[in-house]
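Data from coords-v9.cif: mmCIF, C-alpha atoms
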data_start
loop_
_atom_site.label_atom_id
_atom_site.label_comp_id
_atom_site.auth_asym_id
_atom_site.auth_seq_id
_atom_site.Cartn_x
_atom_site.Cartn_y
_atom_site.Cartn_z
CA MET A 10 65.84 -47.85 15.70
CA SER A 11 67.44 -44.52 16.49
CA SER A 12 65.06 -41.90 17.82
CA GLY A 13 66.38 -39.51 15.21
CA ILE A 14 64.96 -41.61 12.34
CA LYS A 15 61.46 -40.47 11.37
CA LEU A 16 58.74 -42.90 10.22
CA PRO A 17 58.24 -41.24 6.79
CA LEU A 18 61.96 -41.72 6.02
CA VAL A 19 61.72 -45.40 6.95
CA LEU A 20 58.70 -45.83 4.67
CA LEU A 21 60.53 -44.17 1.78
CA VAL A 22 63.40 -46.61 2.19
CA LEU A 23 61.00 -49.57 2.18
CA LEU A 24 59.21 -48.23 -0.89
CA SER A 25 62.47 -48.26 -2.83
CA CYS A 26 63.01 -51.98 -2.22
CA CYS A 27 62.11 -54.98 -4.39
CA PRO A 28 59.24 -54.14 -6.80
CA SER A 29 56.92 -57.08 -6.14
CA VAL A 30 53.13 -56.80 -6.31
CA VAL A 31 51.17 -56.07 -3.15
CA THR A 32 48.33 -58.56 -2.57
CA ALA A 33 47.35 -57.67 1.00
CA GLN A 34 43.76 -57.57 2.18
CA GLN A 35 44.19 -54.41 4.28
CA PRO A 36 42.15 -52.41 5.32
CA PHE A 37 39.68 -55.25 5.87
CA VAL A 38 39.58 -57.53 8.92
CA THR A 39 38.86 -60.51 6.63
CA ASP A 40 42.15 -62.21 5.84
CA ASP A 41 43.12 -63.44 2.37
CA SER A 42 44.51 -66.87 1.50
CA ASP A 43 47.72 -65.49 -0.03
CA THR A 44 51.02 -65.79 1.82
CA THR A 45 54.25 -63.82 1.57
CA PRO A 46 56.64 -65.39 -0.99
CA LYS A 47 59.44 -67.53 0.43
CA ARG A 48 62.30 -65.46 1.92
CA LYS A 49 60.45 -62.19 1.28
CA PHE A 50 58.96 -59.67 3.74
CA HIS A 51 55.60 -57.93 3.76
CA PHE A 52 54.98 -54.87 5.96
CA GLU A 53 51.69 -53.25 6.91
CA PHE A 54 50.99 -50.10 8.87
CA SER A 55 47.46 -48.92 9.64
CA ASN A 56 46.05 -46.16 11.79
CA GLU A 57 42.39 -46.32 12.81
CA PHE A 58 40.63 -43.57 14.77
CA ASP A 59 37.36 -44.71 16.36
CA TRP A 60 34.44 -43.08 18.13
CA LEU A 61 33.33 -45.60 20.76
CA GLU A 62 29.94 -46.91 21.84
CA SER A 63 28.39 -45.31 24.95
CA SER A 64 28.94 -48.61 26.79
CA ALA A 65 32.72 -47.95 26.67
CA PHE A 66 32.34 -44.81 28.84
CA PRO A 67 34.39 -43.16 30.29
CA ALA A 68 36.47 -44.02 27.19
CA VAL A 69 35.00 -42.07 24.25
CA ARG A 70 37.56 -42.37 21.43
CA GLN A 71 40.46 -44.64 20.54
CA ASN A 72 43.36 -44.44 18.11
CA THR A 73 45.07 -47.70 17.09
CA ALA A 74 48.36 -47.53 15.19
CA ASP A 75 49.14 -51.11 14.15
CA PHE A 76 52.49 -52.36 12.82
CA GLU A 77 52.74 -55.83 11.26
CA ILE A 78 55.55 -57.61 9.44
CA ALA A 79 55.27 -61.01 7.75
CA TYR A 80 57.99 -63.30 6.40
CA GLY A 81 57.71 -66.12 3.88
CA LEU A 82 59.18 -68.99 5.89
CA LEU A 83 58.39 -71.69 3.31
CA GLU A 84 56.43 -71.95 0.09
CA ASP A 85 52.82 -71.14 1.07
CA VAL A 86 53.77 -70.65 4.74
CA GLU A 87 54.28 -67.26 6.40
CA ILE A 88 54.95 -66.12 9.94
CA SER A 89 54.10 -62.66 11.23
CA VAL A 90 54.38 -60.37 14.24
CA ALA A 91 52.00 -57.47 14.99
CA ALA A 92 52.26 -54.68 17.56
CA PRO A 93 49.54 -52.07 18.23
CA VAL A 94 50.19 -48.67 19.79
CA LEU A 95 47.00 -47.46 21.48
CA THR A 96 45.76 -44.05 22.56
CA ILE A 97 42.50 -43.98 24.53
CA PHE A 98 40.70 -40.68 25.09
CA ALA A 99 38.39 -40.36 28.11
CA ALA A 100 35.52 -38.01 28.82
CA ARG A 101 36.47 -34.52 30.03
CA SER A 102 35.40 -35.22 33.60
CA THR A 103 37.73 -38.23 33.81
CA ALA A 104 41.36 -38.34 34.92
CA PRO A 105 43.61 -39.19 33.23
CA GLY A 106 42.07 -37.73 30.09
CA ARG A 107 44.31 -39.79 27.81
CA VAL A 108 46.46 -42.91 28.06
CA SER A 109 48.86 -44.16 25.41
CA GLY A 110 51.26 -47.04 24.96
CA LEU A 111 51.97 -50.48 23.54
CA GLY A 112 49.04 -52.89 23.39
CA ASP A 113 49.06 -56.68 23.27
CA MET A 114 51.50 -58.01 20.67
CA SER A 115 50.67 -61.10 18.61
CA THR A 116 52.43 -63.66 16.47
CA SER A 117 50.86 -65.98 13.90
CA VAL A 118 51.53 -68.56 11.21
CA LYS A 119 49.44 -68.98 8.04
CA TYR A 120 49.41 -71.94 5.64
CA ASN A 121 47.84 -71.74 2.17
CA PHE A 122 47.26 -75.45 1.57
CA LEU A 123 45.03 -75.17 -1.51
CA LYS A 124 45.33 -72.66 -4.34
CA GLU A 125 42.59 -71.52 -6.68
CA LYS A 126 43.01 -72.77 -10.25
CA GLU A 127 41.79 -71.16 -13.44
CA LYS A 128 38.52 -72.62 -14.78
CA SER A 129 37.98 -74.51 -11.52
CA ARG A 130 35.13 -73.98 -9.06
CA ARG A 131 37.35 -74.99 -6.16
CA PRO A 132 38.35 -72.01 -3.96
CA ALA A 133 41.70 -71.30 -2.35
CA LEU A 134 41.89 -72.47 1.26
CA ALA A 135 44.18 -71.42 4.10
CA VAL A 136 44.39 -71.62 7.87
CA SER A 137 46.11 -69.39 10.41
CA VAL A 138 46.96 -69.85 14.08
CA SER A 139 47.65 -66.82 16.29
CA LEU A 140 48.99 -66.26 19.77
CA GLU A 141 48.47 -62.88 21.44
CA LEU A 142 50.65 -62.04 24.44
CA PRO A 143 49.65 -59.72 27.34
CA THR A 144 52.27 -57.02 26.64
CA GLY A 145 49.86 -54.11 27.18
CA ASP A 146 49.35 -52.44 30.57
CA ILE A 147 46.08 -53.85 31.93
CA GLU A 148 45.76 -51.12 34.59
CA ARG A 149 45.65 -48.45 31.88
CA GLN A 150 43.29 -50.54 29.68
CA LEU A 151 46.01 -51.02 27.03
CA GLY A 152 46.03 -54.81 27.39
CA SER A 153 43.72 -57.67 28.36
CA GLY A 154 46.14 -59.40 30.73
CA LEU A 155 45.30 -62.69 28.97
CA ILE A 156 47.03 -65.01 26.51
CA ASP A 157 44.80 -65.38 23.44
CA VAL A 158 44.88 -68.53 21.29
CA TYR A 159 43.03 -68.18 17.97
CA ILE A 160 42.57 -70.31 14.85
CA ASN A 161 41.03 -68.94 11.64
CA GLY A 162 39.88 -70.67 8.46
CA ILE A 163 40.09 -68.76 5.15
CA VAL A 164 38.20 -69.30 1.88
CA GLN A 165 38.96 -67.20 -1.22
CA ARG A 166 37.38 -67.38 -4.67
CA SER A 167 37.40 -65.26 -7.81
CA VAL A 168 33.78 -64.40 -8.60
CA THR A 169 34.90 -62.74 -11.83
CA GLU A 170 38.30 -61.87 -13.26
CA LYS A 171 38.29 -58.60 -11.29
CA THR A 172 36.23 -59.54 -8.21
CA LYS A 173 37.28 -61.66 -5.23
CA LEU A 174 35.15 -63.06 -2.43
CA ARG A 175 36.81 -63.90 0.87
CA LEU A 176 35.22 -65.64 3.87
CA ASN A 177 36.72 -66.25 7.32
CA SER A 178 35.49 -68.29 10.26
CA GLY A 179 37.44 -68.65 13.47
CA VAL A 180 37.48 -69.65 17.12
CA LEU A 181 39.25 -67.92 19.99
CA PHE A 182 39.83 -70.78 22.43
CA SER A 183 41.09 -68.70 25.34
CA GLY A 184 41.54 -65.04 26.23
CA ASN A 185 39.28 -62.36 24.72
CA THR A 186 39.09 -60.10 21.66
CA THR A 187 39.78 -56.75 23.31
CA THR A 188 42.13 -54.19 21.78
CA GLY A 189 42.11 -51.34 24.25
CA ALA A 190 38.48 -50.28 24.77
CA ILE A 191 37.21 -52.26 21.75
CA GLY A 192 36.26 -55.94 21.74
CA ILE A 193 34.48 -58.64 23.73
CA ARG A 194 35.71 -58.54 27.31
CA SER A 195 34.23 -61.90 28.38
CA ARG A 196 36.89 -64.51 28.95
CA GLY A 197 36.56 -67.82 27.13
CA THR A 198 35.50 -69.19 23.76
CA VAL A 199 34.65 -66.58 21.12
CA PHE A 200 33.42 -67.37 17.60
CA THR A 201 34.25 -65.01 14.72
CA SER A 202 33.01 -64.72 11.16
CA SER A 203 33.60 -62.23 8.36
CA GLY A 204 33.32 -61.79 4.63
CA SER A 205 34.55 -59.29 2.07
CA LEU A 206 33.93 -58.62 -1.61
CA VAL A 207 36.64 -56.62 -3.39
CA ARG A 208 36.67 -55.48 -7.03
CA GLN A 209 39.42 -54.11 -9.24
CA ILE A 210 37.93 -50.78 -10.34
CA ALA A 211 40.99 -49.56 -12.25
CA PRO A 212 44.52 -50.91 -12.83
CA LYS A 213 45.71 -49.28 -9.59
CA LEU A 214 42.47 -49.07 -7.57
CA GLN A 215 40.53 -51.73 -5.62
CA LEU A 216 37.30 -51.05 -3.70
CA GLY A 217 35.14 -53.32 -1.60
CA GLY A 218 32.95 -53.93 1.40
CA GLU A 219 33.04 -56.17 4.43
CA LEU A 220 30.84 -57.45 7.23
CA ALA A 221 32.50 -58.91 10.35
CA GLY A 222 31.15 -60.17 13.66
CA ALA A 223 32.00 -62.07 16.82
CA PHE A 224 30.12 -63.46 19.80
CA ALA A 225 31.05 -65.23 23.01
CA ARG A 226 29.35 -68.46 23.98
CA ASN A 227 28.84 -67.35 27.59
CA THR A 228 27.48 -63.84 26.99
CA LEU A 229 23.97 -62.44 26.74
CA LEU A 230 22.39 -61.61 23.39
CA GLY A 231 23.86 -58.41 21.98
CA LYS A 232 27.12 -58.60 23.94
CA GLY A 233 29.17 -59.12 20.82
CA GLN A 234 30.72 -57.39 17.83
CA LEU A 235 29.22 -56.49 14.46
CA GLN A 236 30.76 -54.01 12.07
CA ALA A 237 30.76 -53.08 8.40
CA MET A 238 33.55 -51.46 6.42
CA PHE A 239 33.82 -49.84 3.01
CA GLY A 240 37.28 -49.17 1.65
CA GLY A 241 40.07 -50.28 -0.60
CA ASN A 242 43.59 -49.54 -1.69
CA TYR A 243 45.45 -47.61 -4.35
CA GLN A 244 48.71 -48.90 -5.85
CA VAL A 245 51.22 -46.07 -5.40
CA ARG A 246 54.16 -48.22 -6.59
CA PRO A 247 54.48 -51.79 -7.91
CA ASN A 248 55.41 -52.94 -4.41
CA ALA A 249 53.27 -50.60 -2.29
CA SER A 250 49.65 -49.56 -1.78
CA PHE A 251 47.84 -46.84 0.15
CA ASP A 252 44.96 -48.41 2.10
CA PHE A 253 41.84 -46.64 3.35
CA GLY A 254 38.45 -47.40 4.85
CA VAL A 255 35.51 -46.25 6.97
CA VAL A 256 33.89 -48.54 9.54
CA ALA A 257 30.58 -48.47 11.41
CA GLY A 258 29.68 -50.87 14.20
CA LYS A 259 26.96 -52.08 16.54
CA TYR A 260 26.97 -53.72 19.99
CA VAL A 261 29.39 -53.15 22.82
CA GLY A 262 32.44 -54.80 21.24
CA SER A 263 32.53 -52.62 18.12
CA PRO A 264 33.38 -48.97 17.45
CA ARG A 265 30.43 -46.73 16.65
CA PHE A 266 32.31 -45.16 13.75
CA GLY A 267 35.91 -45.12 12.56
CA ILE A 268 38.32 -44.02 9.84
CA GLN A 269 41.37 -46.04 8.80
CA VAL A 270 44.38 -45.24 6.61
CA GLY A 271 47.50 -47.31 6.08
CA ILE A 272 50.20 -48.60 3.78
CA SER A 273 51.23 -52.08 2.63
CA ILE A 274 54.71 -52.81 1.27
CA ASP A 275 56.45 -55.87 -0.18
CA PHE A 276 60.24 -56.03 -0.01
#
Encoded form using structure tokens:
Amino acid sequence: MSSGIKLPLVLLVLLSCCPSVVTAQQPFVTDDSDTTPKRKFHFEFSNEFDWLESSAFPAVRQNTADFEIAYGLLEDVEISVAAPVLTIFAARSTAPGRVSGLGDMSTSVKYNFLKEKEKSRRPALAVSVSLELPTGDIERQLGSGLIDVYINGIVQRSVTEKTKLRLNSGVLFSGNTTTGAIGIRSRGTVFTSSGSLVRQIAPKLQLGGELAGAFARNTLLGKGQLQAMFGGNYQVRPNASFDFGVVAGKYVGSPRFGIQVGISIDF
């Protein structure tokens, strides 16, 4: 991309593309069972600014700008690539006071092997497998220096016509969950779990809440992640939504407080 092309212009071009309906789960960590339609693309951009736990000192704040693009490889199968750009702010007495750059990139594949049917109690089921590569600079705390292998199971069910429940449960077999100064630093097996409840408030507005956590098998009690988010999205066009959320966390692997905004586009 030419350096003379600004991000807002790129987003405007994407917004003018094919008018499909956005079904993304952003801003929540909990993934949905839906996949990008065959031979179509789905793009997500999110920016989260976090105030960190005292245990992250001398890092005190972190900004994560995350870019992700997914492609419908087959019916009910999508592949995706994600790249975070991190900025970590340190305490005033620390040098350097700020570091910024590319974090660890990841690639994943998701398969929706069972769809939810009307008037059936059976939920939709999907599974995803992700590989995160150590592309971030470990010396500047932008990367973990490890290759992460992660598998996640997804359950999705319509509680009512306008309300969806989503549950995830996963295992990180190797590596760790760190993104910059946030995450479980212990190397080895990490178990994750999350759930979200999202309701259609108006034709263009969805709101919901989420609880997500993670813990490592070889860490002491409390050395994990637990965070809650409230947020949603507003449909700005048939193929695009504005996503927003606030997050609050506990334990060393989570942010103390954060604000997230983003955009999701189908084209």
Within 7 Å of Gln215 (chain A), counting only C-alpha atoms, which residues show up once you throw out same-chain ones fewer than 6 positions away? Write them as a list in words, please.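 Listed by chain and then number, they are Val207, Arg208, Gln209, Gly241, Asn242 and Tyr243 of chain A.
Evaluated against this file, the PyMOL selection byres ((chain A and resi 191) around 9) yields Leu61, Ala65, Gln71, Thr186, Thr187, Thr188, Gly189, Ala190, Gly192, Ile193, Arg194, Val261, Gly262, Ser263 and Pro264 of chain A.
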Using Å and a single decimal, report how far CA of Arg70 (chain A) sits from CA of Leu220 (chain A).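 Taking CA of Leu220 (chain A) and CA of Arg70 (chain A), their separation equals 21.8 Å.
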Take the PyMOL selection byres ((chain A and resi 118-135) around 12), run it mentally on this structure, and tell me the resulting residues as a PyMOL selection string. chain A and resi 40-46+78-91+115-117+136-140+159-170+173-179
Proximity to Gln234 (chain A) - best of A:Ser195, A:Asn248, A:Gln150, A:Gln35, all atoms listed in the file: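 Smallest separation from Gln234 (chain A) among the options: A:Ser195.
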Compare A:Leu214, A:Ala249, A:Val94, A:Ala74 by their minimum atom-to-atom distance to Gly152 (chain A), counting all atoms listed in the file, and give me the closest one.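 Smallest distance to Gly152 (chain A) is found for A:Val94.
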Residue nearest Phe239 (chain A) - candidates A:Ala211, A:Leu181, A:Ala225, A:Ile268, atoms counted: all atoms listed in the file: A:Ile268
Could you pull the residues within 9 Å of Thr144 (chain A), counting all atoms listed in the file, minus those fewer than 5 positions along the same chain, as a PyMOL selection string? chain A and resi 111-114+151-154
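When the PyMOL selection byres ((chain A and resi 101-110) around 9) is evaluated against the file, it yields Pro67, Ala68, Pro93, Val94, Leu95, Thr96, Ile97, Phe98, Ala99, Ala100, Leu111, Gly112, Gly145, Asp146, Arg149, Gln150 and Leu151 of chain A.
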Expressed in Å to a single decimal, how great is the separation between CA of Glu141 (chain A) and CA of Val38 (chain A)? 16.3 Å
